[in-house]
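Student: Can you keep this structure in mind? I'll have questions shortly.
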Amino acid sequence: MTRIDLHCHSTASDGTLTPAELVRAGLEAGLDVMAITDHDTTGGWAQAATARPAGLTLVRGAELSCRWYGVDPAIPLHLLAYLFDPAEPRLAADLARLRTDREQRAEKIVNLLRADGVDISWPEVSGYAAGGSVGRPHIAQALIRAGLVRTTSEAFASRWLGSRYFVPKADLDVFEAVRAVRAAGGVTVFAHPNATVRGRIVPDRLIVDLAEAGLFGLEADHEDHTPEQREHVRALAGELGLVVTGSSDFHGTHKTVRLGAFTTELAAYEKIVAAATGVPILG
């Protein structure tokens, strides 16, 4: 049976394995296909491609920070974008803007913490990113090092990064993101669409509208979905003619989930590959 994991993060965003370590770990975990989907960046693509071991197929992608502005306040959500051309001007500009905002946001959070006497620094936090996109998990690492929290989850609680030291970030309009990825030859899948444990979720009617705009699939099998939510997402995808994916959303030690904890069926994967024209799979 082909084992396919289409949602994995590296140190190019907020994972703890380098892109090279990630692809090697994928093979060791028994995966046949894996996707590198760092937040708002393709910065790990080259290293992952160079280090890709024989026997592992690599899907290049990204997880895009988006927002639905159909309600007030707007609802944040994530789109998984696969096999798009990173040089397409419109999408490249969007990703550059998001990466700049992520770094400015992280520095603002560090400054807020330092103003309250917290013993962390911007050079330390940016150093944890190792040249990748700086995010809140890197600030969490600094808080752990300072002995103020024990885990990333504790750092994300309301006392720290979840509320008291929360700074909003820029996001793409979700409809514009779907169109931009399509224009770049890529395919979009709505990541963990029913994960109420993460906060507010969008209504099914939005997913209907996104499908009409070109959304290709829904991620059903995910650690943040209950069995009932997985079945609901599958049923909705069936009604709309969308593919269904399953993925680990692996972040290394930032999360407890393991590579391959949830997987995508071969038929769904093959549809994604057939529909994409931006860049090929590697392997």
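Going through the structure tokens in order, the chains are called A, B, and so on, while each chain numbers its residues from 1 and the ligands are numbered from 1 in the order shown.
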Pick out the residues sitting within 12 Å of Gly162 of chain A, and hand them over as a list in words; count only C-alpha atoms, and ignore anything fewer than 3 positions along from it in its own chain.

Tutor: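 Contacts, in chain order: Ile109, Arg136, Pro137, Ile139, Ala140, Thr152, Ser153, Glu154, Ala155, Phe156, Ala157, Ser158, Arg159, Tyr165, Phe166, Val167, Pro168, Arg198 and Gly199 of chain A.
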
Student: Within 10 Å of Ala29 of chain A, counting only C-alpha atoms, which residues show up once you throw out same-chain ones fewer than 3 positions away? Write them as a ChimeraX atom specification, please.

Tutor: /A:3,23-26,32,258-261

Student: Those same residues - N, CA and C atoms - I'd like them written as a PDB file, in the first residue's frame.

Tutor:
ATOM      1  N   ARG A   3       1.942   4.796   0.981  1.00  0.00           N
ATOM      2  CA  ARG A   3       1.688   5.666   2.132  1.00  0.00           C
ATOM      3  C   ARG A   3       2.059   7.102   1.763  1.00  0.00           C
ATOM      4  N   VAL A  23      12.863  14.986   4.831  1.00  0.00           N
ATOM      5  CA  VAL A  23      12.659  13.965   3.792  1.00  0.00           C
ATOM      6  C   VAL A  23      13.280  12.633   4.207  1.00  0.00           C
ATOM      7  N   ARG A  24      14.394  12.681   4.904  1.00  0.00           N
ATOM      8  CA  ARG A  24      14.993  11.425   5.384  1.00  0.00           C
ATOM      9  C   ARG A  24      14.084  10.775   6.435  1.00  0.00           C
ATOM     10  N   ALA A  25      13.489  11.610   7.301  1.00  0.00           N
ATOM     11  CA  ALA A  25      12.569  11.077   8.305  1.00  0.00           C
ATOM     12  C   ALA A  25      11.331  10.493   7.646  1.00  0.00           C
ATOM     13  N   GLY A  26      10.903  11.092   6.536  1.00  0.00           N
ATOM     14  CA  GLY A  26       9.754  10.562   5.812  1.00  0.00           C
ATOM     15  C   GLY A  26       9.994   9.149   5.327  1.00  0.00           C
ATOM     16  N   ASP A  32       5.929   6.676   1.211  1.00  0.00           N
ATOM     17  CA  ASP A  32       6.315   6.597  -0.195  1.00  0.00           C
ATOM     18  C   ASP A  32       6.273   7.976  -0.848  1.00  0.00           C
ATOM     19  N   ARG A 258       3.017  12.095  14.696  1.00  0.00           N
ATOM     20  CA  ARG A 258       4.136  11.516  13.950  1.00  0.00           C
ATOM     21  C   ARG A 258       3.874  11.538  12.447  1.00  0.00           C
ATOM     22  N   LEU A 259       4.933  11.510  11.673  1.00  0.00           N
ATOM     23  CA  LEU A 259       4.803  11.413  10.222  1.00  0.00           C
ATOM     24  C   LEU A 259       3.987  10.179   9.857  1.00  0.00           C
ATOM     25  N   GLY A 260       3.065  10.357   8.922  1.00  0.00           N
ATOM     26  CA  GLY A 260       2.253   9.239   8.488  1.00  0.00           C
ATOM     27  C   GLY A 260       1.129   8.868   9.422  1.00  0.00           C
ATOM     28  N   ALA A 261       0.891   9.697  10.458  1.00  0.00           N
ATOM     29  CA  ALA A 261      -0.200   9.390  11.390  1.00  0.00           C
ATOM     30  C   ALA A 261      -1.541   9.356  10.668  1.00  0.00           C
TER      31      ALA A 261
END

Student: Each residue of segment 150-192 of chain A lying at most 7 Å from segment 86-95 of chain A should get a row with its shortest atom-to-atom pair and the distance in Å to one decimal, counting only C-alpha atoms; could you produce that, ordered by chain and increasing number, as a tab-separated table?

Tutor:
residue	atom	partner	partner_atom	distance
A:Ala180	CA	A:Leu91	CA	5.6
A:Val181	CA	A:Leu91	CA	6.7
A:Ala184	CA	A:Glu88	CA	5.5

Student: Could you save those same residues with N, CA, C and O atoms as a CSV table (one decimal), in the first residue's frame?

Tutor:
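Listed below is the output, selection_9.csv:
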chain,number,residue,atom,x,y,z
A,180,ALA,N,-5.0,32.7,-7.1
A,180,ALA,CA,-3.6,32.9,-7.3
A,180,ALA,C,-2.8,31.6,-7.5
A,180,ALA,O,-2.0,31.4,-8.4
A,181,VAL,N,-3.2,30.6,-6.7
A,181,VAL,CA,-2.5,29.3,-6.8
A,181,VAL,C,-2.9,28.6,-8.1
A,181,VAL,O,-2.1,28.0,-8.8
A,184,ALA,N,-0.9,30.0,-10.9
A,184,ALA,CA,0.5,29.5,-10.8
A,184,ALA,C,0.5,28.0,-11.1
A,184,ALA,O,1.6,27.4,-10.9

Student: Could you list, as a ChimeraX atom specification, every residue within 7 Å of Phe175 of chain A, counting only C-alpha atoms and ignoring same-chain residues fewer than 3 positions away?

Tutor: /A:178-179,210,213

Student: Smallest atom-to-atom distance to Thr226 of chain A: which of A:Leu206, A:Val197, A:Cys66, A:Leu27, using only C-alpha atoms?

Tutor: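 So, comparing all the options, the nearest one is A:Val197.
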
Student: Residues at most 10 Å from Gln141 of chain A, counting only C-alpha atoms, excluding those fewer than 5 positions away in the same chain, as a VMD selection string?

Tutor: chain A and resid 120 124 to 125 128 136 146 to 147 149 to 152 155 254

Student: At a cut-off of 9 Å, using only C-alpha atoms, what residues contact Asp119 of chain A? Leave out same-chain residues fewer than 4 positions from it and give the result as a PyMOL selection string.

Tutor: chain A and resi 113-114+142-143+146

Student: From segment 55-202 of chain A, collect each residue whose DSSP state is strand (DSSP E) and return the set as a PDB file with N, CA and C atoms, in the first residue's frame.

Tutor:
ATOM      1  N   THR A  57       8.972   9.965  -2.976  1.00  0.00           N
ATOM      2  CA  THR A  57       8.511  10.993  -3.909  1.00  0.00           C
ATOM      3  C   THR A  57       8.187  12.254  -3.128  1.00  0.00           C
ATOM      4  N   LEU A  58       8.664  13.389  -3.620  1.00  0.00           N
ATOM      5  CA  LEU A  58       8.474  14.667  -2.940  1.00  0.00           C
ATOM      6  C   LEU A  58       7.476  15.533  -3.697  1.00  0.00           C
ATOM      7  N   VAL A  59       6.487  16.021  -2.959  1.00  0.00           N
ATOM      8  CA  VAL A  59       5.524  16.988  -3.484  1.00  0.00           C
ATOM      9  C   VAL A  59       5.867  18.334  -2.868  1.00  0.00           C
ATOM     10  N   ARG A  60       6.138  19.303  -3.708  1.00  0.00           N
ATOM     11  CA  ARG A  60       6.491  20.628  -3.200  1.00  0.00           C
ATOM     12  C   ARG A  60       5.232  21.481  -3.048  1.00  0.00           C
ATOM     13  N   GLY A  61       5.107  22.116  -1.881  1.00  0.00           N
ATOM     14  CA  GLY A  61       3.914  22.911  -1.625  1.00  0.00           C
ATOM     15  C   GLY A  61       4.152  23.934  -0.537  1.00  0.00           C
ATOM     16  N   ALA A  62       3.076  24.510  -0.053  1.00  0.00           N
ATOM     17  CA  ALA A  62       3.127  25.495   1.038  1.00  0.00           C
ATOM     18  C   ALA A  62       1.766  25.529   1.704  1.00  0.00           C
ATOM     19  N   GLU A  63       1.752  25.964   2.959  1.00  0.00           N
ATOM     20  CA  GLU A  63       0.497  26.190   3.671  1.00  0.00           C
ATOM     21  C   GLU A  63       0.295  27.697   3.764  1.00  0.00           C
ATOM     22  N   LEU A  64      -0.756  28.182   3.130  1.00  0.00           N
ATOM     23  CA  LEU A  64      -0.979  29.617   3.007  1.00  0.00           C
ATOM     24  C   LEU A  64      -1.879  30.138   4.121  1.00  0.00           C
ATOM     25  N   SER A  65      -1.480  31.251   4.719  1.00  0.00           N
ATOM     26  CA  SER A  65      -2.277  31.912   5.751  1.00  0.00           C
ATOM     27  C   SER A  65      -3.356  32.744   5.062  1.00  0.00           C
ATOM     28  N   CYS A  66      -4.604  32.365   5.272  1.00  0.00           N
ATOM     29  CA  CYS A  66      -5.720  33.024   4.589  1.00  0.00           C
ATOM     30  C   CYS A  66      -6.771  33.485   5.593  1.00  0.00           C
ATOM     31  N   ARG A  67      -7.746  34.199   5.094  1.00  0.00           N
ATOM     32  CA  ARG A  67      -8.827  34.691   5.945  1.00  0.00           C
ATOM     33  C   ARG A  67     -10.080  34.843   5.097  1.00  0.00           C
ATOM     34  N   TRP A  68     -11.208  34.508   5.713  1.00  0.00           N
ATOM     35  CA  TRP A  68     -12.508  34.725   5.059  1.00  0.00           C
ATOM     36  C   TRP A  68     -13.117  35.977   5.663  1.00  0.00           C
ATOM     37  N   ILE A  75     -12.595  35.233   9.680  1.00  0.00           N
ATOM     38  CA  ILE A  75     -12.139  33.936  10.205  1.00  0.00           C
ATOM     39  C   ILE A  75     -10.847  33.520   9.504  1.00  0.00           C
ATOM     40  N   PRO A  76      -9.770  33.272  10.279  1.00  0.00           N
ATOM     41  CA  PRO A  76      -8.529  32.783   9.665  1.00  0.00           C
ATOM     42  C   PRO A  76      -8.650  31.312   9.284  1.00  0.00           C
ATOM     43  N   LEU A  77      -7.994  30.944   8.220  1.00  0.00           N
ATOM     44  CA  LEU A  77      -7.979  29.546   7.776  1.00  0.00           C
ATOM     45  C   LEU A  77      -6.718  29.302   6.966  1.00  0.00           C
ATOM     46  N   HIS A  78      -6.432  28.031   6.704  1.00  0.00           N
ATOM     47  CA  HIS A  78      -5.215  27.664   5.987  1.00  0.00           C
ATOM     48  C   HIS A  78      -5.551  26.874   4.723  1.00  0.00           C
ATOM     49  N   LEU A  79      -4.862  27.218   3.651  1.00  0.00           N
ATOM     50  CA  LEU A  79      -4.960  26.460   2.408  1.00  0.00           C
ATOM     51  C   LEU A  79      -3.635  25.772   2.134  1.00  0.00           C
ATOM     52  N   LEU A  80      -3.687  24.493   1.825  1.00  0.00           N
ATOM     53  CA  LEU A  80      -2.516  23.770   1.357  1.00  0.00           C
ATOM     54  C   LEU A  80      -2.443  23.933  -0.152  1.00  0.00           C
ATOM     55  N   ALA A  81      -1.330  24.451  -0.624  1.00  0.00           N
ATOM     56  CA  ALA A  81      -1.134  24.681  -2.062  1.00  0.00           C
ATOM     57  C   ALA A  81      -0.043  23.747  -2.553  1.00  0.00           C
ATOM     58  N   TYR A  82      -0.338  22.992  -3.597  1.00  0.00           N
ATOM     59  CA  TYR A  82       0.588  21.979  -4.091  1.00  0.00           C
ATOM     60  C   TYR A  82       1.031  22.251  -5.524  1.00  0.00           C
ATOM     61  N   LEU A 172      -4.032  36.303   3.423  1.00  0.00           N
ATOM     62  CA  LEU A 172      -4.589  36.466   2.089  1.00  0.00           C
ATOM     63  C   LEU A 172      -6.094  36.251   2.126  1.00  0.00           C
ATOM     64  N   ASP A 173      -6.816  37.011   1.331  1.00  0.00           N
ATOM     65  CA  ASP A 173      -8.219  36.686   1.130  1.00  0.00           C
ATOM     66  C   ASP A 173      -8.293  35.289   0.531  1.00  0.00           C
ATOM     67  N   VAL A 187      -2.631  23.474  -7.073  1.00  0.00           N
ATOM     68  CA  VAL A 187      -3.879  22.882  -6.595  1.00  0.00           C
ATOM     69  C   VAL A 187      -4.022  23.241  -5.121  1.00  0.00           C
ATOM     70  N   THR A 188      -5.249  23.601  -4.698  1.00  0.00           N
ATOM     71  CA  THR A 188      -5.465  23.972  -3.296  1.00  0.00           C
ATOM     72  C   THR A 188      -6.361  22.967  -2.579  1.00  0.00           C
ATOM     73  N   VAL A 189      -5.999  22.697  -1.330  1.00  0.00           N
ATOM     74  CA  VAL A 189      -6.773  21.840  -0.431  1.00  0.00           C
ATOM     75  C   VAL A 189      -6.972  22.603   0.876  1.00  0.00           C
ATOM     76  N   PHE A 190      -8.193  22.652   1.354  1.00  0.00           N
ATOM     77  CA  PHE A 190      -8.522  23.351   2.600  1.00  0.00           C
ATOM     78  C   PHE A 190      -7.997  22.512   3.763  1.00  0.00           C
TER      79      PHE A 190
END

Student: Calculated over only C-alpha atoms, which of the candidates A:Ala274, A:Leu98, A:Ile207, A:Leu161 has the smallest distance to Val134 of chain A?

Tutor: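 Looking at the shortest contact to Val134 of chain A, the residue is A:Leu98.
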
Student: Record the distance separating atom CA of Pro19 of chain A and atom CA of Thr256 of chain A, expressed in Å with one decimal.

Tutor: 18.6 Å

Student: For His7 of chain A, which residue among A:Asp72, A:Asp85, A:Asp38, A:Asp204 is the nearest when counting only C-alpha atoms?

Tutor: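 Smallest distance to His7 of chain A is found for A:Asp38.
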
Student: Can you list, as JSON, numbers by chain, every protein, DNA or RNA residue that comes within 9 Å of segment 231-240 of chain A when you count only C-alpha atoms, leaving out same-chain residues fewer than 4 positions away?

Tutor: {"A": [193, 194, 204, 207, 208, 211, 212, 217, 218, 219, 220, 221, 226, 227, 244]}

Student: Next, the residues of the selection above should be written as a JSON list (two decimals), in the first residue's frame with C-alpha atoms.

Tutor:
[["chain", "number", "residue", "atom", "x", "y", "z"],
["A", 193, "PRO", "CA", -11.58, 22.74, 7.80],
["A", 194, "ASN", "CA", -13.68, 21.46, 10.72],
["A", 204, "ASP", "CA", -20.17, 24.75, 4.79],
["A", 207, "ILE", "CA", -16.68, 25.71, 1.13],
["A", 208, "VAL", "CA", -19.38, 25.43, -1.54],
["A", 211, "ALA", "CA", -15.30, 24.86, -4.70],
["A", 212, "GLU", "CA", -16.96, 27.00, -7.37],
["A", 217, "GLY", "CA", -9.93, 19.28, -2.03],
["A", 218, "LEU", "CA", -10.57, 19.05, 1.70],
["A", 219, "GLU", "CA", -8.24, 17.64, 4.35],
["A", 220, "ALA", "CA", -10.47, 15.28, 6.33],
["A", 221, "ASP", "CA", -8.12, 13.00, 8.25],
["A", 226, "THR", "CA", -12.96, 14.17, 15.64],
["A", 227, "PRO", "CA", -14.21, 11.03, 13.88],
["A", 244, "VAL", "CA", -10.26, 14.09, 0.24]]
